[in-house]
Amino acid sequence: MRIPLLALALAVSLGCAHTPSADRVARGPGAVFPSVEAAAIDALTYAHQAGRADGAQPRMRSGTIRPVAGGGYTYAGITEAPRHEPHRVAIQIAPTDVAHFRTYTRQPLDGSSAELNRRREQPSRQLERVVDEIDPLHRPGFFLTPSLVVRVYRGEERGVLEIADLRTAPADTLVARRESDAATPDR
């Protein structure tokens, strides 16, 4: 009994066993949330769970968040990267969308992919370009890291903010917020 438990503890400490908290169940596309952050956390949880459920090779998933008439925010379906390009997904950001999100897939731990997993803990250059240069409204980009942390990139001046850890936090808990973000309404 001690060997399997020890192996599990070692796997968790090395970052091999990344699964969301058992308390966290995504409400899914179409559900309405009180904030953009809550919608992003649910969307990324849903995208991650969908990827695990289909059993296929890890592929990037992405989508957008939009306001709902009468208040709140929602997301529609998730766009999945094609099998032949699992790390590349294209979405269209509509004028009414207020944010976009994407998952960064976790690669099996070996010499070359450990560095890739570390790089994916931060926004990709592509995500930075979308927020800073391509999107004229500079809408925030939320992303799920390989270690199951939800972060948001709000632009070069505001940087990256960690908002939830899917491994530990209950579904509706925001892990961290800067005072300046709490005072700034969502776009």
# chains A, B, ... in the order shown; residues from 1 in each chain; ligands from 1
>>> closest_atom_pairs(of="stretch 66-92 of chain A", to="stretch 119-136 of chain A", cutoff="12 Å", atoms="only C-alpha atoms", output="tab-separated table")
residue	atom	partner	partner_atom	distance
A:His87	CA	A:Arg120	CA	11.2
A:Arg88	CA	A:Gln126	CA	10.3
A:Val89	CA	A:Gln126	CA	11.1
A:Ala90	CA	A:Gln126	CA	11.1
A:Ile91	CA	A:Val130	CA	11.3
A:Gln92	CA	A:Asp135	CA	10.7
>>> write_last_selection(atoms="C-alpha atoms", output="tab-separated table (two decimals), in the first residue's frame")
chain	number	residue	atom	x	y	z
A	87	HIS	CA	-1.16	23.43	-30.89
A	88	ARG	CA	-2.80	25.88	-33.29
A	89	VAL	CA	-6.40	27.04	-33.16
A	90	ALA	CA	-8.03	29.99	-34.89
A	91	ILE	CA	-11.07	31.82	-33.59
A	92	GLN	CA	-12.93	34.93	-34.66
>>> closest_residue(among="A:Val32, A:Ala94, A:Val152, A:Val25", to="A:Gln49", atoms="only C-alpha atoms")
A:Val25
>>> closest_residue(among="A:His100, A:His48, A:Arg167, A:Arg158", to="A:Ile65", atoms="only C-alpha atoms")
A:His100
>>> atom_distance(atom1="atom CA of A:Phe142", atom2="atom CA of A:Pro82")
20.7 Å
>>> atom_distance(atom1="atom CA of A:Gly159", atom2="atom CA of A:Pro86")
26.6 Å
>>> residues_around(residues="A:Ala50", least_positions_apart="6", cutoff="12 Å", atoms="only C-alpha atoms", output="list of chain:residue names")
A:Val25, A:Ala26, A:Gly28, A:Pro29, A:Asp42, A:Ala43, A:Leu44, A:Ala56, A:Gln57, A:Pro58, A:Arg59, A:Met60, A:Arg61, A:Ser62, A:Gly77, A:Ile78, A:Thr79, A:Glu80, A:Thr103
>>> write_last_selection(atoms="C-alpha atoms", output="tab-separated table (two decimals), in the first residue's frame")
chain	number	residue	atom	x	y	z
A	25	VAL	CA	-17.62	20.79	-12.51
A	26	ALA	CA	-18.03	23.11	-15.46
A	28	GLY	CA	-20.78	24.54	-19.79
A	29	PRO	CA	-21.53	26.72	-22.81
A	42	ASP	CA	-15.78	27.80	-16.35
A	43	ALA	CA	-14.91	27.86	-20.07
A	44	LEU	CA	-11.35	26.70	-19.43
A	56	ALA	CA	-7.47	11.88	-27.99
A	57	GLN	CA	-4.07	13.50	-28.12
A	58	PRO	CA	-3.97	16.82	-26.26
A	59	ARG	CA	-5.15	19.66	-28.47
A	60	MET	CA	-5.50	23.37	-27.85
A	61	ARG	CA	-9.05	24.61	-27.32
A	62	SER	CA	-10.25	28.19	-27.56
A	77	GLY	CA	-18.99	26.31	-27.98
A	78	ILE	CA	-15.29	25.57	-27.78
A	79	THR	CA	-13.14	25.52	-30.93
A	80	GLU	CA	-10.65	22.65	-31.00
A	103	THR	CA	-5.89	26.11	-23.24
>>> select_by_dssp(residues="stretch 42-83 of chain A", states="alpha helix (DSSP H)", output="list in words")
Asp42, Ala43, Leu44, Thr45, Tyr46, Ala47, His48, Gln49, Ala50, Gly51, Arg52, Ala53 and Asp54 of chain A
>>> closest_residue(among="A:Pro34, A:Tyr104, A:Tyr153, A:Pro146", to="A:Asp165", atoms="only C-alpha atoms")
A:Pro146
>>> atom_distance(atom1="atom CA of A:Phe33", atom2="atom CA of A:Ser147")
24.2 Å
